[in-house]
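J.: Structure file my_file-v8.cif (mmCIF, C-alpha atoms) right here:
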data_entry
#
loop_
_atom_site.label_atom_id
_atom_site.label_comp_id
_atom_site.auth_asym_id
_atom_site.auth_seq_id
_atom_site.Cartn_x
_atom_site.Cartn_y
_atom_site.Cartn_z
CA MET A 955 -89.65 -28.50 -0.03
CA THR A 956 -86.64 -28.15 2.26
CA ARG A 957 -83.85 -30.52 1.35
CA ARG A 958 -82.39 -32.55 4.19
CA PHE A 959 -78.65 -33.06 4.41
CA GLU A 960 -78.62 -36.29 6.38
CA SER A 961 -75.28 -37.85 5.45
CA LEU A 962 -72.04 -35.85 5.33
CA LEU A 963 -68.55 -36.89 4.33
CA LEU A 964 -65.84 -34.70 5.88
CA ILE A 965 -62.56 -34.69 3.97
CA GLY A 966 -60.16 -33.71 6.73
CA CYS A 967 -61.03 -32.91 10.32
CA GLY A 968 -58.56 -30.23 11.36
CA ASN A 969 -59.24 -27.14 13.43
CA MET A 970 -62.21 -25.74 11.51
CA ALA A 971 -63.91 -28.92 10.29
CA GLY A 972 -63.33 -30.44 13.72
CA ALA A 973 -64.94 -27.45 15.42
CA MET A 974 -67.95 -27.74 13.10
CA LEU A 975 -68.30 -31.44 13.89
CA LYS A 976 -68.10 -30.67 17.60
CA GLY A 977 -70.79 -28.02 17.23
CA TRP A 978 -73.13 -30.30 15.31
CA LEU A 979 -72.78 -33.07 17.87
CA ALA A 980 -73.27 -30.65 20.76
CA ALA A 981 -76.49 -29.50 19.09
CA GLY A 982 -77.79 -33.08 19.05
CA LEU A 983 -77.05 -34.25 15.51
CA GLN A 984 -76.42 -37.98 15.50
CA PRO A 985 -72.83 -39.23 14.96
CA ALA A 986 -74.14 -41.71 12.39
CA ARG A 987 -74.73 -38.81 10.00
CA PHE A 988 -70.99 -38.15 9.69
CA THR A 989 -68.12 -39.99 8.05
CA VAL A 990 -64.66 -38.47 8.42
CA VAL A 991 -61.63 -39.04 6.20
CA GLU A 992 -58.70 -38.44 8.52
CA PRO A 993 -55.42 -40.28 7.87
CA SER A 994 -53.62 -38.84 10.91
CA ASP A 995 -53.98 -40.16 14.45
CA ARG A 996 -56.12 -37.16 15.43
CA SER A 997 -58.82 -38.28 17.85
CA LEU A 998 -62.45 -38.05 16.74
CA PRO A 999 -65.63 -37.89 18.81
CA GLU A 1000 -67.16 -41.16 19.88
CA GLY A 1001 -69.43 -42.79 17.31
CA ILE A 1002 -67.96 -41.04 14.26
CA SER A 1003 -67.07 -43.32 11.35
CA ARG A 1004 -63.43 -42.85 10.39
CA LEU A 1005 -61.71 -43.62 7.10
CA ALA A 1006 -57.98 -43.43 6.48
CA SER A 1007 -58.49 -42.40 2.84
CA ILE A 1008 -61.20 -41.12 0.53
CA PRO A 1009 -63.49 -44.07 -0.33
CA GLU A 1010 -63.78 -45.39 -3.86
CA SER A 1011 -67.58 -45.27 -3.72
CA GLY A 1012 -70.44 -44.12 -1.55
CA GLN A 1013 -73.44 -41.82 -1.51
CA PHE A 1014 -73.49 -38.68 0.60
CA ASP A 1015 -75.86 -35.72 0.68
CA ALA A 1016 -72.88 -33.38 1.03
CA ILE A 1017 -69.09 -33.56 1.00
CA LEU A 1018 -67.27 -31.03 3.18
CA LEU A 1019 -63.76 -30.13 2.03
CA GLY A 1020 -61.82 -29.34 5.20
CA VAL A 1021 -58.22 -29.65 3.99
CA LYS A 1022 -55.72 -26.89 3.24
CA PRO A 1023 -56.45 -25.03 -0.04
CA GLN A 1024 -53.19 -26.18 -1.62
CA MET A 1025 -54.35 -29.80 -1.25
CA LEU A 1026 -57.32 -29.32 -3.58
CA GLY A 1027 -55.48 -30.68 -6.61
CA GLU A 1028 -54.39 -33.74 -4.64
CA ILE A 1029 -57.83 -34.75 -3.39
CA ALA A 1030 -59.97 -33.58 -6.32
CA PRO A 1031 -59.77 -36.74 -8.50
CA ALA A 1032 -60.88 -39.03 -5.65
CA VAL A 1033 -63.60 -36.64 -4.45
CA ALA A 1034 -64.92 -36.21 -8.00
CA LYS A 1035 -65.75 -39.94 -8.07
CA LEU A 1036 -68.13 -39.39 -5.15
CA ALA A 1037 -69.51 -36.02 -6.22
CA ASP A 1038 -72.17 -37.15 -8.69
CA GLY A 1039 -75.42 -35.46 -7.68
CA THR A 1040 -74.18 -34.32 -4.28
CA THR A 1041 -73.39 -30.90 -2.79
CA ILE A 1042 -69.78 -29.84 -2.34
CA LEU A 1043 -69.21 -27.69 0.74
CA SER A 1044 -65.83 -25.96 0.73
CA LEU A 1045 -63.93 -24.41 3.63
CA LEU A 1046 -61.00 -23.70 1.29
CA ALA A 1047 -60.01 -20.05 1.59
CA GLY A 1048 -59.64 -18.34 -1.78
CA VAL A 1049 -61.11 -21.20 -3.82
CA GLU A 1050 -63.95 -19.75 -5.86
CA LEU A 1051 -67.20 -21.38 -6.93
CA ALA A 1052 -66.02 -21.46 -10.54
CA THR A 1053 -62.93 -23.41 -9.50
CA LEU A 1054 -65.04 -25.86 -7.49
CA ALA A 1055 -67.41 -26.27 -10.44
CA ALA A 1056 -64.47 -27.03 -12.73
CA ARG A 1057 -63.04 -29.59 -10.30
CA PHE A 1058 -66.37 -31.25 -9.51
CA ALA A 1059 -68.48 -30.72 -12.61
CA ASN A 1060 -70.72 -33.69 -11.78
CA ALA A 1061 -71.80 -32.28 -8.40
CA ALA A 1062 -75.34 -30.94 -8.10
CA ALA A 1063 -74.25 -27.80 -6.28
CA HIS A 1064 -71.19 -26.05 -4.89
CA VAL A 1065 -71.11 -23.95 -1.71
CA ARG A 1066 -68.38 -21.87 -0.13
CA VAL A 1067 -68.62 -21.88 3.66
CA MET A 1068 -66.68 -19.49 5.89
CA PRO A 1069 -67.25 -19.94 9.64
CA ASN A 1070 -64.86 -19.38 12.52
CA LEU A 1071 -63.91 -21.58 15.46
CA ALA A 1072 -66.89 -20.39 17.51
CA VAL A 1073 -68.95 -22.97 15.57
CA ALA A 1074 -67.95 -25.37 18.34
CA LEU A 1075 -70.06 -23.22 20.70
CA GLY A 1076 -72.83 -22.51 18.20
CA LYS A 1077 -71.84 -18.82 18.09
CA ALA A 1078 -70.07 -18.29 14.77
CA PRO A 1079 -71.13 -16.02 11.93
CA ILE A 1080 -71.14 -18.26 8.84
CA ALA A 1081 -70.85 -16.79 5.36
CA LEU A 1082 -72.33 -18.86 2.52
CA ALA A 1083 -72.09 -18.45 -1.24
CA GLU A 1084 -73.60 -21.03 -3.58
CA ARG A 1085 -73.99 -22.18 -7.14
CA GLY A 1086 -76.63 -24.74 -8.11
CA LEU A 1087 -78.87 -24.96 -5.05
CA ASP A 1088 -82.60 -24.58 -5.52
CA GLU A 1089 -84.85 -22.97 -2.92
CA GLY A 1090 -85.20 -26.21 -0.99
CA GLY A 1091 -81.45 -26.76 -1.05
CA ARG A 1092 -80.76 -23.28 0.26
CA ALA A 1093 -83.28 -23.76 3.07
CA GLY A 1094 -81.81 -27.15 3.91
CA LEU A 1095 -78.27 -25.84 4.04
CA LEU A 1096 -79.30 -22.99 6.34
CA ALA A 1097 -80.97 -25.55 8.61
CA LEU A 1098 -77.75 -27.60 8.64
CA MET A 1099 -75.64 -24.57 9.55
CA LYS A 1100 -77.94 -22.92 12.10
CA PRO A 1101 -76.82 -25.12 15.03
CA LEU A 1102 -73.32 -23.68 14.49
CA GLY A 1103 -74.24 -20.00 14.69
CA THR A 1104 -75.76 -17.41 12.36
CA PRO A 1105 -75.46 -18.41 8.69
CA GLU A 1106 -75.98 -15.75 6.01
CA TRP A 1107 -75.89 -15.82 2.22
CA VAL A 1108 -73.43 -13.35 0.74
CA ALA A 1109 -72.50 -12.46 -2.82
CA GLU A 1110 -69.32 -14.24 -3.84
CA ALA A 1111 -67.83 -10.89 -4.90
CA GLU A 1112 -67.91 -9.94 -1.21
CA PHE A 1113 -66.62 -13.26 0.09
CA ASP A 1114 -63.00 -12.25 0.63
CA LEU A 1115 -64.07 -9.19 2.61
CA VAL A 1116 -66.57 -11.17 4.69
CA THR A 1117 -63.87 -13.79 5.29
CA ALA A 1118 -61.51 -11.07 6.51
CA LEU A 1119 -64.20 -9.77 8.88
CA THR A 1120 -65.68 -12.99 10.27
CA GLY A 1121 -63.11 -15.67 9.50
CA SER A 1122 -59.93 -13.75 10.29
CA GLY A 1123 -61.68 -11.37 12.67
CA PRO A 1124 -61.31 -13.49 15.83
CA ALA A 1125 -57.52 -13.32 15.49
CA PHE A 1126 -57.72 -9.53 15.32
CA VAL A 1127 -59.95 -9.44 18.41
CA TYR A 1128 -57.53 -11.73 20.27
CA ARG A 1129 -54.69 -9.38 19.37
CA PHE A 1130 -56.65 -6.45 20.82
CA ILE A 1131 -57.40 -8.36 24.03
CA ASP A 1132 -53.71 -9.19 24.32
CA ALA A 1133 -52.79 -5.55 23.67
CA LEU A 1134 -55.16 -4.36 26.42
CA ALA A 1135 -53.61 -6.78 28.89
CA ALA A 1136 -50.04 -6.00 27.80
CA ALA A 1137 -50.66 -2.26 28.12
CA ALA A 1138 -52.13 -2.67 31.60
CA ALA A 1139 -49.12 -4.77 32.59
CA ASP A 1140 -46.72 -2.15 31.22
CA LEU A 1141 -48.53 0.46 33.32
CA GLY A 1142 -48.16 -1.53 36.55
CA LEU A 1143 -50.72 -4.36 36.79
CA SER A 1144 -49.41 -7.92 37.05
CA ARG A 1145 -49.61 -9.65 33.68
CA ASP A 1146 -51.61 -12.62 35.01
CA GLN A 1147 -54.22 -10.34 36.53
CA ALA A 1148 -54.28 -8.12 33.42
CA ASP A 1149 -54.88 -11.17 31.22
CA ARG A 1150 -57.78 -12.38 33.37
CA MET A 1151 -59.43 -9.00 33.63
CA ALA A 1152 -59.05 -8.11 29.94
CA LEU A 1153 -60.58 -11.41 28.87
CA ALA A 1154 -63.47 -11.18 31.34
CA MET A 1155 -64.13 -7.58 30.33
CA VAL A 1156 -64.32 -8.44 26.60
CA ASP A 1157 -66.52 -11.46 27.31
CA GLY A 1158 -69.00 -9.36 29.25
CA ALA A 1159 -68.90 -6.44 26.82
CA ALA A 1160 -69.58 -8.73 23.85
CA ALA A 1161 -72.48 -10.40 25.66
CA LEU A 1162 -74.01 -7.02 26.49
CA ALA A 1163 -73.56 -5.79 22.92
CA ALA A 1164 -75.22 -8.94 21.55
CA ALA A 1165 -78.18 -8.49 23.89
CA SER A 1166 -78.59 -4.74 23.32
CA PRO A 1167 -80.76 -3.15 20.61
CA ASP A 1168 -78.18 -0.35 20.38
CA SER A 1169 -75.10 -0.34 18.16
CA PRO A 1170 -71.60 -0.81 19.64
CA ARG A 1171 -70.86 2.79 18.70
CA THR A 1172 -73.82 4.00 20.76
CA LEU A 1173 -72.90 1.73 23.66
CA ALA A 1174 -69.34 3.11 23.70
CA ASP A 1175 -70.66 6.65 23.94
CA ARG A 1176 -72.98 5.66 26.78
CA VAL A 1177 -70.07 4.27 28.79
CA ALA A 1178 -68.12 7.49 28.27
CA SER A 1179 -69.33 10.46 30.31
CA LYS A 1180 -68.17 13.94 29.35
CA GLY A 1181 -64.84 14.78 30.94
CA GLY A 1182 -64.48 11.29 32.43
CA MET A 1183 -61.81 8.59 32.22
CA THR A 1184 -63.48 6.59 29.43
CA ARG A 1185 -63.94 9.65 27.23
CA GLU A 1186 -60.29 10.54 27.67
CA GLY A 1187 -59.30 7.09 26.44
CA LEU A 1188 -61.78 7.11 23.55
CA ASP A 1189 -60.40 10.44 22.42
CA VAL A 1190 -57.03 8.71 21.90
CA LEU A 1191 -58.60 5.89 19.86
CA ASP A 1192 -60.71 8.33 17.85
CA ALA A 1193 -57.99 10.93 17.18
CA GLU A 1194 -57.75 11.54 13.44
CA GLY A 1195 -59.62 8.27 12.84
CA ALA A 1196 -56.53 6.33 13.96
CA LEU A 1197 -58.35 3.17 15.10
CA LEU A 1198 -60.63 3.08 12.07
CA ALA A 1199 -57.68 3.54 9.73
CA LEU A 1200 -55.75 0.72 11.40
CA VAL A 1201 -58.68 -1.70 11.28
CA LYS A 1202 -59.50 -0.77 7.69
CA ALA A 1203 -55.89 -1.46 6.66
CA THR A 1204 -56.04 -4.79 8.54
CA LEU A 1205 -59.21 -5.94 6.77
CA ARG A 1206 -57.92 -4.73 3.41
CA ALA A 1207 -54.71 -6.74 3.79
CA ALA A 1208 -56.62 -9.91 4.71
CA ARG A 1209 -59.17 -9.38 1.93
CA ASP A 1210 -56.49 -8.80 -0.69
CA ARG A 1211 -54.67 -11.95 0.37
CA GLY A 1212 -57.90 -13.85 -0.26
CA ALA A 1213 -57.97 -12.47 -3.80
CA GLU A 1214 -54.36 -13.58 -4.29
CA LEU A 1215 -55.20 -17.10 -3.11
CA ALA A 1216 -58.15 -17.19 -5.52
CA ALA A 1217 -55.89 -16.18 -8.41
CA GLN A 1218 -53.46 -18.94 -7.51
CA ALA A 1219 -56.27 -21.50 -7.36
CA ARG A 1220 -57.54 -20.44 -10.79
CA LYS A 1221 -54.08 -20.97 -12.30
CA SER A 1222 -53.69 -24.53 -10.99
CA PRO A 1223 -54.64 -27.25 -13.49
CA VAL A 1224 -58.14 -28.69 -13.18
CA ASP A 1225 -56.88 -32.24 -13.46
CA GLY A 1226 -54.69 -31.74 -10.36
#
As structure tokens - that is how I would like this structure written.

T.:
Amino acid sequence: MTRRFESLLLIGCGNMAGAMLKGWLAAGLQPARFTVVEPSDRSLPEGISRLASIPESGQFDAILLGVKPQMLGEIAPAVAKLADGTTILSLLAGVELATLAARFANAAAHVRVMPNLAVALGKAPIALAERGLDEGGRAGLLALMKPLGTPEWVAEAEFDLVTALTGSGPAFVYRFIDALAAAAADLGLSRDQADRMALAMVDGAAALAAASPDSPRTLADRVASKGGMTREGLDVLDAEGALLALVKATLRAARDRGAELAAQARKSPVDG
């Protein structure tokens, strides 16, 4: 039987957790399902219950950790009091399932969640790795995440790499969009016009790629006719595997930083 995650406590509602909340509400989930611990004066959507600090007691189907990873030790003792029998959902980069299990040993299950900010639009890839969920729990968690995009289970050993691809990836795409516009401006187009056109081009290209049964590699070759302008440009990107080498180095650096963060989290004392 699919487990239903009806009541969620969000510890922190910054950029990522806030985007998830926005996506859930946009998809029609009722505000009454969410309680947010947010001590700052950050505005929250209408109808969301707000707490200035982690409550002393309460029962929630899941607790979402949306603070910075270095705050885990600070919040862990208070969260542990609420964790009995619930599911811990963690957005904390580099914090492994074993670390979560050590911090919240009384929780029924622990799940690492890695989305990106497109959850607000329901268009984010969402990586999930879990410990302790049964079949019904896994199905229920997928159902909870589906309004936010395309959730997928991944092996935790691959989590840092998946995080580099899907979590950090938007920043890399934004850099490329900016580089396209900057290059066009350097070659003579006004920067404002270059910015608008580069963004519109990427938006349309991504939509076409998502709707096409063909791979992006195949689509690129279809745009490029032999001896034409596009092929001339692709030859620069493809020369000696330059673009692939650059992107591979980018993902490797982000992945390896995730491993460093995990090592730091393992060294911190369990009692905070």

J.: Any chance you could work out the residue set of the PyMOL selection byres ((chain A and resi 995) around 12) here, as a ChimeraX atom specification?

T.: /A:966-968,991-994,996-998,1004-1006

J.: Using only C-alpha atoms, pick whichever of A:Ala1052, A:Ala1174, A:Leu1115, A:Ile1002 has the shortest atom-to-atom distance to A:Lys976.

T.: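 Smallest distance to A:Lys976 is found for A:Ile1002.
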
J.: How many Å lie between atom CA of A:Ala1161 and atom CA of A:Leu979, rounded to one decimal?

T.: 24.0 Å

J.: What's the 12 Å shell around A:Leu1036, counting all atoms listed in the file, without same-chain residues fewer than 4 positions away, as an NGL selection string?

T.: :A and (962-963 or 965 or 1008-1018 or 1029-1032 or 1040-1042 or 1058-1062)

J.: Between A:Leu1134, A:Ala1083, A:Ala1093, A:Leu1102, single out the one closest to A:Met1155, counting only C-alpha atoms.

T.: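 For A:Met1155, the nearest of the given residues is A:Leu1134.
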
J.: Would you kindly return, as a PyMOL selection string, each protein, DNA or RNA residue with an atom no farther than 12 Å from any atom of stretch 1185-1197 of chain A, considering only C-alpha atoms and excluding same-chain residues fewer than 6 positions away?

T.: chain A and resi 1130+1171+1174-1179+1203-1204

J.: Which residues, written as a list of chain:residue names, have at least one atom at most 9 Å from A:Glu1084, with all atoms listed in the file counted and residues fewer than 5 positions away on the same chain left out?

T.: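 Returned residues: A:Leu1051, A:Ala1063, A:His1064, A:Val1065, A:Arg1066, A:Val1067, A:Arg1092, A:Trp1107, A:Val1108, A:Ala1109, A:Glu1110.
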
J.: Compute the distance from (-87.1, -28.0, 5.2) to each atom, counting all atoms listed in the file, keep the residues with any atom at most 9 Å away, and return them as a ChimeraX atom specification; use the coordinates of the file.

T.: /A:955-958,1090-1091,1093-1094,1097
